[in-house]
Structures are given as C-alpha cells and as structure tokens.
Amino acid sequence: MINKTKLALGIATATLTMTGALVSPQAVAGSKSQNHAEVAGMSNKVDALEAQLQAMQAEISRLRAETSRPRSSAEADKVQELDQWMTSVKSAPVAVVEKDHLFSARGGWMHLNDNRGSTSGLGGSGLGEDVLTSGTDKDAFYYGGAIDFNMNNNLFGLMDHTSFLMELGIEYSELGDRKDSGLDNVITTAALGQTINLQQSVTVNMLRINASPKIKFMHGSKFRPWLIPVGLDINIISPPSDAVTVLNTGMQFGAGAEYEFLKGIVIGADGRYHHTFDDVDGVDTDGFTLGGSLGFKF
C-alpha cells in the first residue's frame, strides 16, 4: 500500500516536472516574439519620422535657395516700391480734417457819401429834387450774414500759410424810419384847392449782396488778418429812385481780422468801402461800413 502511494507520488512529480519543462520554453518564446514585434514597430516609427525630417530639410533648403536667387529688376523695383510705400504710411501723421469754412453773422455802422434824397426846391410846387426818395441823413445801421468758402491754404502755390476764400454775403441797412417823401405834397384836389397828404410815410433802406475774393493770412494761427482786394456789390434801394430804378452794381474793398477765442468760434472786425461808378438815377449808394462779426467754422 505504501509502495503504491510512493509510486503515485513519483508519477505525479514526474508529470509536473515534464509539464513545466514543456510550458516554460513556449512562454519564453511568446515573450521574445512580442518584444521583437514592439521593437520592429518602434523602428518603423523612427524611420517614418526620419523621412519626414528629411523632407522638411529638403523644403527648407529649396526655400533658402529660392530666396537667395537673384530677382529680376522689375520684381526688385516692385518690392522696393512697396517697402517705400509701407514706410511712408507708417511714418505719416494721422490726418486731421480741418474746418476752414466759416459762417458769420455781422452788423455795424454805415456812412454814405451823400444823402439818399431831398424834398427841397422847385418853386413851392411840392416837388423835390428827388420826388420818390426821402431826405435822410448819411448814417445807418446794418446787419446781415456771410459764408466764407475756403479754396486752398497756399494761395494757389504762391504763398504758404495764406488762404484764398470766396465770401458770399448779404446786408440790410436802414437809413431812416418812416420818412416822408416829396410826393406827399403833390397830390391835391382841384375841388378843395388845397394840398392833401395822401401818401404814407416810408422807411428808407437798402439791401446789399456781395461776392468777394478774400485772402486770409497766418493759416494755423488763432489770429488771422485778411483783405478783400476787390469784390462785387449789388445794391437794392427802397423806395426807388425818381426813374423807379431799384438796383445798381458796384464794387467793394475791405480789410479786417479774426480771432478764434474758442475752438470753432470766431470773432472779428472789419472795415469796407463800397463804390459804384454811377448812381441809381440820382440815388448815391457810395460809402463805407465798420462792424463786427461772430462766426462758426464748419
């Protein structure tokens, strides 16, 4: 019995020993083959990366060769022109749009060389030298407005910091308030044999429209003197002359100065002389004006 047990144990031991001997080489062989596969995969990846690096190096070499290749003269000129343009754009200051036009309201005092009319003379008939006009003094007040349109700031290339403008203006002046005219005394009734005043009193006034070139000095400064070498005047009188004429043309000369005391707000003073080569059928509109102005740039 004991011998049988020893025999069984010996057979089991031998069987285990043979199984271990058979299994161990297979396990070792499997592990070796797996390692070989992993090594082969890594080697393939390294080869692929190396190929990519070689391709990148080739592309870099091609680009270097392309950039170092001498360009044609036309291409070089274009590149140089673009470089100069970029440099000029970068170095140029930021452009600021200046407000050089001006709208101004103005007013002041006017003095004429002669009276607008007279009711004296002609032998007690009631007819004056100027029947339809009225005897008034030579002084008047005026008010109006003007727009200065700036054309350039270098006087057409002749003078730096000097602006050339065109002024369009309109002025109303009043010489007398409800003055009687010489026509008051010439309307009579034959039945009563006496003079009857049938005409209303009139207001003696004048409207002046002007278009004048203006030269302003010291562009960029707050204080700017200016002059008008010669400009156009259109004078409209009321009441009309004895020939029922209401309009004549003439010219004006002027000088003045402006000061921008707040940004875009300008005060000024000026003097002008107005001259016509002929009167309005007996009505003289020659004289001078002195006044001030308040303007706004736009």
# chains A, B, ... in the order shown; residues from 1 in each chain; ligands from 1

$ residues_around --residues "Ser221 (chain A)" --least-positions-apart "3" --cutoff "9 Å" --atoms "only C-alpha atoms" --output "ChimeraX atom specification"
/A:217-218,224,259-260

$ write_last_selection --atoms "N, CA, C and O atoms" --output "tab-separated table (two decimals), in the first residue's frame"
chain	number	residue	atom	x	y	z
A	217	PHE	N	-4.42	135.60	-43.99
A	217	PHE	CA	-3.03	135.32	-43.68
A	217	PHE	C	-2.93	134.49	-42.39
A	217	PHE	O	-3.88	134.34	-41.65
A	218	MET	N	-1.71	133.92	-42.17
A	218	MET	CA	-1.37	133.21	-40.92
A	218	MET	C	-2.26	132.00	-40.69
A	218	MET	O	-2.88	131.83	-39.64
A	224	ARG	N	-6.04	135.92	-37.34
A	224	ARG	CA	-5.87	135.89	-38.79
A	224	ARG	C	-6.36	137.20	-39.41
A	224	ARG	O	-7.56	137.44	-39.50
A	259	TYR	N	-10.32	136.35	-34.76
A	259	TYR	CA	-9.64	135.66	-33.66
A	259	TYR	C	-10.52	134.51	-33.20
A	259	TYR	O	-11.70	134.70	-32.87
A	260	GLU	N	-9.95	133.31	-33.15
A	260	GLU	CA	-10.68	132.12	-32.70
A	260	GLU	C	-10.50	131.99	-31.18
A	260	GLU	O	-9.54	131.40	-30.69

$ residues_around --residues "His219 (chain A)" --least-positions-apart "3" --cutoff "12 Å" --atoms "only C-alpha atoms" --output "PDB file with all heavy atoms, in the first residue's frame"
ATOM      1  N   GLU A  98      -9.513 119.634 -41.200  1.00  0.00           N
ATOM      2  CA  GLU A  98      -9.664 120.966 -40.638  1.00  0.00           C
ATOM      3  C   GLU A  98     -10.973 121.589 -41.110  1.00  0.00           C
ATOM      4  O   GLU A  98     -11.414 121.371 -42.236  1.00  0.00           O
ATOM      5  CB  GLU A  98      -8.485 121.850 -41.058  1.00  0.00           C
ATOM      6  CG  GLU A  98      -7.143 121.391 -40.505  1.00  0.00           C
ATOM      7  CD  GLU A  98      -6.033 122.364 -40.855  1.00  0.00           C
ATOM      8  OE1 GLU A  98      -6.325 123.351 -41.553  1.00  0.00           O
ATOM      9  OE2 GLU A  98      -4.895 122.142 -40.430  1.00  0.00           O
ATOM     10  N   LYS A  99     -11.566 122.364 -40.226  1.00  0.00           N
ATOM     11  CA  LYS A  99     -12.770 123.110 -40.567  1.00  0.00           C
ATOM     12  C   LYS A  99     -12.347 124.515 -40.992  1.00  0.00           C
ATOM     13  O   LYS A  99     -12.082 125.377 -40.163  1.00  0.00           O
ATOM     14  CB  LYS A  99     -13.717 123.165 -39.371  1.00  0.00           C
ATOM     15  CG  LYS A  99     -14.251 121.803 -38.948  1.00  0.00           C
ATOM     16  CD  LYS A  99     -15.198 121.935 -37.771  1.00  0.00           C
ATOM     17  CE  LYS A  99     -15.764 120.587 -37.366  1.00  0.00           C
ATOM     18  NZ  LYS A  99     -16.698 120.701 -36.221  1.00  0.00           N
ATOM     19  N   ASP A 100     -12.278 124.736 -42.305  1.00  0.00           N
ATOM     20  CA  ASP A 100     -11.777 126.001 -42.821  1.00  0.00           C
ATOM     21  C   ASP A 100     -12.875 126.903 -43.365  1.00  0.00           C
ATOM     22  O   ASP A 100     -12.617 128.056 -43.675  1.00  0.00           O
ATOM     23  CB  ASP A 100     -10.741 125.754 -43.924  1.00  0.00           C
ATOM     24  CG  ASP A 100      -9.433 125.202 -43.375  1.00  0.00           C
ATOM     25  OD1 ASP A 100      -9.125 125.509 -42.205  1.00  0.00           O
ATOM     26  OD2 ASP A 100      -8.731 124.486 -44.092  1.00  0.00           O
ATOM     27  N   ASN A 150     -13.563 128.229 -48.112  1.00  0.00           N
ATOM     28  CA  ASN A 150     -12.112 128.131 -48.237  1.00  0.00           C
ATOM     29  C   ASN A 150     -11.740 127.312 -49.476  1.00  0.00           C
ATOM     30  O   ASN A 150     -12.194 126.180 -49.651  1.00  0.00           O
ATOM     31  CB  ASN A 150     -11.526 127.462 -46.986  1.00  0.00           C
ATOM     32  CG  ASN A 150     -10.014 127.524 -46.961  1.00  0.00           C
ATOM     33  OD1 ASN A 150      -9.428 128.543 -46.635  1.00  0.00           O
ATOM     34  ND2 ASN A 150      -9.375 126.421 -47.302  1.00  0.00           N
ATOM     35  N   ASN A 152      -8.184 127.120 -50.794  1.00  0.00           N
ATOM     36  CA  ASN A 152      -6.882 126.499 -50.539  1.00  0.00           C
ATOM     37  C   ASN A 152      -6.178 127.291 -49.446  1.00  0.00           C
ATOM     38  O   ASN A 152      -6.618 128.382 -49.063  1.00  0.00           O
ATOM     39  CB  ASN A 152      -6.025 126.425 -51.817  1.00  0.00           C
ATOM     40  CG  ASN A 152      -5.773 127.786 -52.434  1.00  0.00           C
ATOM     41  OD1 ASN A 152      -5.114 128.636 -51.857  1.00  0.00           O
ATOM     42  ND2 ASN A 152      -6.322 128.001 -53.633  1.00  0.00           N
ATOM     43  N   ASN A 153      -5.063 126.728 -48.961  1.00  0.00           N
ATOM     44  CA  ASN A 153      -4.310 127.357 -47.864  1.00  0.00           C
ATOM     45  C   ASN A 153      -2.888 127.720 -48.256  1.00  0.00           C
ATOM     46  O   ASN A 153      -2.022 127.882 -47.386  1.00  0.00           O
ATOM     47  CB  ASN A 153      -4.290 126.427 -46.646  1.00  0.00           C
ATOM     48  CG  ASN A 153      -5.672 126.244 -46.041  1.00  0.00           C
ATOM     49  OD1 ASN A 153      -6.418 127.200 -45.868  1.00  0.00           O
ATOM     50  ND2 ASN A 153      -6.021 125.004 -45.717  1.00  0.00           N
ATOM     51  N   ASN A 154      -2.642 127.840 -49.558  1.00  0.00           N
ATOM     52  CA  ASN A 154      -1.309 128.257 -50.005  1.00  0.00           C
ATOM     53  C   ASN A 154      -1.376 129.273 -51.138  1.00  0.00           C
ATOM     54  O   ASN A 154      -0.386 129.470 -51.854  1.00  0.00           O
ATOM     55  CB  ASN A 154      -0.488 127.043 -50.445  1.00  0.00           C
ATOM     56  CG  ASN A 154      -1.147 126.275 -51.576  1.00  0.00           C
ATOM     57  OD1 ASN A 154      -2.203 126.669 -52.077  1.00  0.00           O
ATOM     58  ND2 ASN A 154      -0.540 125.185 -51.976  1.00  0.00           N
ATOM     59  N   LEU A 155      -2.532 129.916 -51.311  1.00  0.00           N
ATOM     60  CA  LEU A 155      -2.735 130.937 -52.324  1.00  0.00           C
ATOM     61  C   LEU A 155      -2.305 130.430 -53.700  1.00  0.00           C
ATOM     62  O   LEU A 155      -1.504 131.037 -54.392  1.00  0.00           O
ATOM     63  CB  LEU A 155      -1.992 132.230 -51.966  1.00  0.00           C
ATOM     64  CG  LEU A 155      -2.463 133.505 -52.692  1.00  0.00           C
ATOM     65  CD1 LEU A 155      -3.914 133.796 -52.388  1.00  0.00           C
ATOM     66  CD2 LEU A 155      -1.584 134.684 -52.319  1.00  0.00           C
ATOM     67  N   MET A 159       2.006 131.404 -51.913  1.00  0.00           N
ATOM     68  CA  MET A 159       2.406 131.858 -50.575  1.00  0.00           C
ATOM     69  C   MET A 159       1.920 130.847 -49.539  1.00  0.00           C
ATOM     70  O   MET A 159       0.742 130.524 -49.499  1.00  0.00           O
ATOM     71  CB  MET A 159       1.816 133.239 -50.291  1.00  0.00           C
ATOM     72  CG  MET A 159       2.328 133.893 -49.015  1.00  0.00           C
ATOM     73  SD  MET A 159       1.568 135.530 -48.748  1.00  0.00           S
ATOM     74  CE  MET A 159       2.131 136.403 -50.212  1.00  0.00           C
ATOM     75  N   ASP A 160       2.851 130.356 -48.734  1.00  0.00           N
ATOM     76  CA  ASP A 160       2.500 129.387 -47.696  1.00  0.00           C
ATOM     77  C   ASP A 160       1.705 130.066 -46.574  1.00  0.00           C
ATOM     78  O   ASP A 160       1.859 131.264 -46.322  1.00  0.00           O
ATOM     79  CB  ASP A 160       3.756 128.738 -47.112  1.00  0.00           C
ATOM     80  CG  ASP A 160       4.484 127.873 -48.130  1.00  0.00           C
ATOM     81  OD1 ASP A 160       3.825 127.415 -49.081  1.00  0.00           O
ATOM     82  OD2 ASP A 160       5.713 127.685 -47.993  1.00  0.00           O
ATOM     83  N   HIS A 161       0.870 129.249 -45.921  1.00  0.00           N
ATOM     84  CA  HIS A 161       0.088 129.700 -44.765  1.00  0.00           C
ATOM     85  C   HIS A 161      -0.810 130.897 -45.113  1.00  0.00           C
ATOM     86  O   HIS A 161      -1.103 131.733 -44.254  1.00  0.00           O
ATOM     87  CB  HIS A 161       0.997 130.056 -43.587  1.00  0.00           C
ATOM     88  CG  HIS A 161       1.966 128.979 -43.219  1.00  0.00           C
ATOM     89  ND1 HIS A 161       1.566 127.754 -42.723  1.00  0.00           N
ATOM     90  CD2 HIS A 161       3.332 128.926 -43.308  1.00  0.00           C
ATOM     91  CE1 HIS A 161       2.630 127.011 -42.506  1.00  0.00           C
ATOM     92  NE2 HIS A 161       3.702 127.683 -42.860  1.00  0.00           N
ATOM     93  N   THR A 162      -1.234 130.964 -46.357  1.00  0.00           N
ATOM     94  CA  THR A 162      -2.121 132.036 -46.802  1.00  0.00           C
ATOM     95  C   THR A 162      -3.304 131.404 -47.523  1.00  0.00           C
ATOM     96  O   THR A 162      -3.128 130.675 -48.494  1.00  0.00           O
ATOM     97  CB  THR A 162      -1.379 133.007 -47.748  1.00  0.00           C
ATOM     98  OG1 THR A 162      -0.230 133.518 -47.087  1.00  0.00           O
ATOM     99  CG2 THR A 162      -2.293 134.160 -48.145  1.00  0.00           C
ATOM    100  N   SER A 163      -4.508 131.689 -47.036  1.00  0.00           N
ATOM    101  CA  SER A 163      -5.713 131.041 -47.560  1.00  0.00           C
ATOM    102  C   SER A 163      -6.412 131.950 -48.568  1.00  0.00           C
ATOM    103  O   SER A 163      -6.426 133.177 -48.418  1.00  0.00           O
ATOM    104  CB  SER A 163      -6.676 130.708 -46.416  1.00  0.00           C
ATOM    105  OG  SER A 163      -6.058 129.888 -45.452  1.00  0.00           O
ATOM    106  N   PHE A 164      -7.003 131.298 -49.565  1.00  0.00           N
ATOM    107  CA  PHE A 164      -7.837 132.005 -50.532  1.00  0.00           C
ATOM    108  C   PHE A 164      -9.270 131.530 -50.352  1.00  0.00           C
ATOM    109  O   PHE A 164      -9.542 130.329 -50.378  1.00  0.00           O
ATOM    110  CB  PHE A 164      -7.367 131.744 -51.955  1.00  0.00           C
ATOM    111  CG  PHE A 164      -8.184 132.455 -53.000  1.00  0.00           C
ATOM    112  CD1 PHE A 164      -7.938 133.779 -53.305  1.00  0.00           C
ATOM    113  CD2 PHE A 164      -9.215 131.802 -53.661  1.00  0.00           C
ATOM    114  CE1 PHE A 164      -8.699 134.444 -54.257  1.00  0.00           C
ATOM    115  CE2 PHE A 164      -9.982 132.454 -54.606  1.00  0.00           C
ATOM    116  CZ  PHE A 164      -9.725 133.783 -54.908  1.00  0.00           C
ATOM    117  N   ILE A 215      -8.514 137.072 -48.992  1.00  0.00           N
ATOM    118  CA  ILE A 215      -7.200 136.484 -48.710  1.00  0.00           C
ATOM    119  C   ILE A 215      -6.958 136.575 -47.208  1.00  0.00           C
ATOM    120  O   ILE A 215      -6.936 137.677 -46.642  1.00  0.00           O
ATOM    121  CB  ILE A 215      -6.081 137.202 -49.478  1.00  0.00           C
ATOM    122  CG1 ILE A 215      -6.335 137.106 -50.989  1.00  0.00           C
ATOM    123  CG2 ILE A 215      -4.723 136.606 -49.131  1.00  0.00           C
ATOM    124  CD1 ILE A 215      -5.361 137.920 -51.821  1.00  0.00           C
ATOM    125  N   LYS A 216      -6.789 135.408 -46.563  1.00  0.00           N
ATOM    126  CA  LYS A 216      -6.522 135.351 -45.129  1.00  0.00           C
ATOM    127  C   LYS A 216      -5.081 134.911 -44.895  1.00  0.00           C
ATOM    128  O   LYS A 216      -4.609 133.947 -45.500  1.00  0.00           O
ATOM    129  CB  LYS A 216      -7.458 134.352 -44.432  1.00  0.00           C
ATOM    130  CG  LYS A 216      -8.867 134.856 -44.226  1.00  0.00           C
ATOM    131  CD  LYS A 216      -9.666 133.857 -43.400  1.00  0.00           C
ATOM    132  CE  LYS A 216     -11.101 134.316 -43.212  1.00  0.00           C
ATOM    133  NZ  LYS A 216     -11.876 133.358 -42.382  1.00  0.00           N
ATOM    134  N   LYS A 222      -4.520 131.380 -34.372  1.00  0.00           N
ATOM    135  CA  LYS A 222      -5.822 131.815 -33.876  1.00  0.00           C
ATOM    136  C   LYS A 222      -6.173 133.211 -34.386  1.00  0.00           C
ATOM    137  O   LYS A 222      -7.342 133.528 -34.603  1.00  0.00           O
ATOM    138  CB  LYS A 222      -5.843 131.786 -32.344  1.00  0.00           C
ATOM    139  CG  LYS A 222      -5.838 130.389 -31.736  1.00  0.00           C
ATOM    140  CD  LYS A 222      -5.951 130.447 -30.236  1.00  0.00           C
ATOM    141  CE  LYS A 222      -6.044 129.065 -29.613  1.00  0.00           C
ATOM    142  NZ  LYS A 222      -7.281 128.363 -30.016  1.00  0.00           N
ATOM    143  N   PHE A 223      -5.169 134.064 -34.547  1.00  0.00           N
ATOM    144  CA  PHE A 223      -5.387 135.417 -35.049  1.00  0.00           C
ATOM    145  C   PHE A 223      -5.065 135.440 -36.536  1.00  0.00           C
ATOM    146  O   PHE A 223      -3.970 135.060 -36.952  1.00  0.00           O
ATOM    147  CB  PHE A 223      -4.498 136.413 -34.303  1.00  0.00           C
ATOM    148  CG  PHE A 223      -4.614 137.813 -34.832  1.00  0.00           C
ATOM    149  CD1 PHE A 223      -5.721 138.599 -34.521  1.00  0.00           C
ATOM    150  CD2 PHE A 223      -3.621 138.356 -35.637  1.00  0.00           C
ATOM    151  CE1 PHE A 223      -5.826 139.895 -35.008  1.00  0.00           C
ATOM    152  CE2 PHE A 223      -3.722 139.646 -36.121  1.00  0.00           C
ATOM    153  CZ  PHE A 223      -4.827 140.419 -35.801  1.00  0.00           C
ATOM    154  N   ARG A 224      -6.042 135.917 -37.342  1.00  0.00           N
ATOM    155  CA  ARG A 224      -5.870 135.893 -38.786  1.00  0.00           C
ATOM    156  C   ARG A 224      -6.357 137.199 -39.415  1.00  0.00           C
ATOM    157  O   ARG A 224      -7.565 137.444 -39.499  1.00  0.00           O
ATOM    158  CB  ARG A 224      -6.616 134.716 -39.412  1.00  0.00           C
ATOM    159  CG  ARG A 224      -6.182 133.364 -38.885  1.00  0.00           C
ATOM    160  CD  ARG A 224      -6.633 132.267 -39.804  1.00  0.00           C
ATOM    161  NE  ARG A 224      -5.975 132.368 -41.108  1.00  0.00           N
ATOM    162  CZ  ARG A 224      -6.249 131.574 -42.143  1.00  0.00           C
ATOM    163  NH1 ARG A 224      -7.182 130.649 -42.027  1.00  0.00           N
ATOM    164  NH2 ARG A 224      -5.615 131.716 -43.292  1.00  0.00           N
ATOM    165  N   PRO A 225      -5.453 138.066 -39.857  1.00  0.00           N
ATOM    166  CA  PRO A 225      -5.869 139.237 -40.631  1.00  0.00           C
ATOM    167  C   PRO A 225      -6.237 138.837 -42.056  1.00  0.00           C
ATOM    168  O   PRO A 225      -5.802 137.803 -42.563  1.00  0.00           O
ATOM    169  CB  PRO A 225      -4.621 140.129 -40.608  1.00  0.00           C
ATOM    170  CG  PRO A 225      -3.486 139.172 -40.416  1.00  0.00           C
ATOM    171  CD  PRO A 225      -4.014 138.030 -39.593  1.00  0.00           C
ATOM    172  N   TRP A 226      -7.037 139.669 -42.708  1.00  0.00           N
ATOM    173  CA  TRP A 226      -7.461 139.369 -44.071  1.00  0.00           C
ATOM    174  C   TRP A 226      -7.731 140.656 -44.837  1.00  0.00           C
ATOM    175  O   TRP A 226      -7.858 141.740 -44.258  1.00  0.00           O
ATOM    176  CB  TRP A 226      -8.713 138.489 -44.083  1.00  0.00           C
ATOM    177  CG  TRP A 226      -9.906 139.035 -43.341  1.00  0.00           C
ATOM    178  CD1 TRP A 226     -10.287 138.749 -42.058  1.00  0.00           C
ATOM    179  CD2 TRP A 226     -10.868 139.968 -43.845  1.00  0.00           C
ATOM    180  NE1 TRP A 226     -11.416 139.447 -41.729  1.00  0.00           N
ATOM    181  CE2 TRP A 226     -11.815 140.191 -42.815  1.00  0.00           C
ATOM    182  CE3 TRP A 226     -11.058 140.629 -45.059  1.00  0.00           C
ATOM    183  CZ2 TRP A 226     -12.886 141.056 -42.957  1.00  0.00           C
ATOM    184  CZ3 TRP A 226     -12.135 141.480 -45.208  1.00  0.00           C
ATOM    185  CH2 TRP A 226     -13.039 141.677 -44.167  1.00  0.00           C
ATOM    186  N   GLU A 258      -9.652 138.352 -37.662  1.00  0.00           N
ATOM    187  CA  GLU A 258     -10.474 137.394 -36.920  1.00  0.00           C
ATOM    188  C   GLU A 258      -9.627 136.769 -35.819  1.00  0.00           C
ATOM    189  O   GLU A 258      -8.408 136.646 -35.936  1.00  0.00           O
ATOM    190  CB  GLU A 258     -10.992 136.290 -37.841  1.00  0.00           C
ATOM    191  CG  GLU A 258     -11.900 136.762 -38.949  1.00  0.00           C
ATOM    192  CD  GLU A 258     -12.233 135.651 -39.924  1.00  0.00           C
ATOM    193  OE1 GLU A 258     -11.634 134.557 -39.816  1.00  0.00           O
ATOM    194  OE2 GLU A 258     -13.079 135.901 -40.805  1.00  0.00           O
ATOM    195  N   TYR A 259     -10.324 136.350 -34.764  1.00  0.00           N
ATOM    196  CA  TYR A 259      -9.644 135.662 -33.660  1.00  0.00           C
ATOM    197  C   TYR A 259     -10.524 134.507 -33.195  1.00  0.00           C
ATOM    198  O   TYR A 259     -11.702 134.702 -32.866  1.00  0.00           O
ATOM    199  CB  TYR A 259      -9.365 136.610 -32.501  1.00  0.00           C
ATOM    200  CG  TYR A 259      -8.646 135.942 -31.354  1.00  0.00           C
ATOM    201  CD1 TYR A 259      -7.286 135.645 -31.437  1.00  0.00           C
ATOM    202  CD2 TYR A 259      -9.329 135.590 -30.193  1.00  0.00           C
ATOM    203  CE1 TYR A 259      -6.623 135.016 -30.398  1.00  0.00           C
ATOM    204  CE2 TYR A 259      -8.668 134.954 -29.145  1.00  0.00           C
ATOM    205  CZ  TYR A 259      -7.323 134.676 -29.258  1.00  0.00           C
ATOM    206  OH  TYR A 259      -6.667 134.051 -28.223  1.00  0.00           O
ATOM    207  N   GLU A 260      -9.950 133.314 -33.149  1.00  0.00           N
ATOM    208  CA  GLU A 260     -10.678 132.119 -32.696  1.00  0.00           C
ATOM    209  C   GLU A 260     -10.501 131.994 -31.180  1.00  0.00           C
ATOM    210  O   GLU A 260      -9.539 131.403 -30.691  1.00  0.00           O
ATOM    211  CB  GLU A 260     -10.147 130.878 -33.412  1.00  0.00           C
ATOM    212  CG  GLU A 260     -10.929 129.610 -33.108  1.00  0.00           C
ATOM    213  CD  GLU A 260     -10.436 128.404 -33.891  1.00  0.00           C
ATOM    214  OE1 GLU A 260      -9.427 128.538 -34.619  1.00  0.00           O
ATOM    215  OE2 GLU A 260     -11.036 127.315 -33.753  1.00  0.00           O
TER     216      GLU A 260
END

$ atom_distance --atom1 "CA of Ala257 (chain A)" --atom2 "CA of Phe296 (chain A)"
14.8 Å

$ atom_distance --atom1 "CA of Ile228 (chain A)" --atom2 "CA of Ser173 (chain A)"
20.8 Å
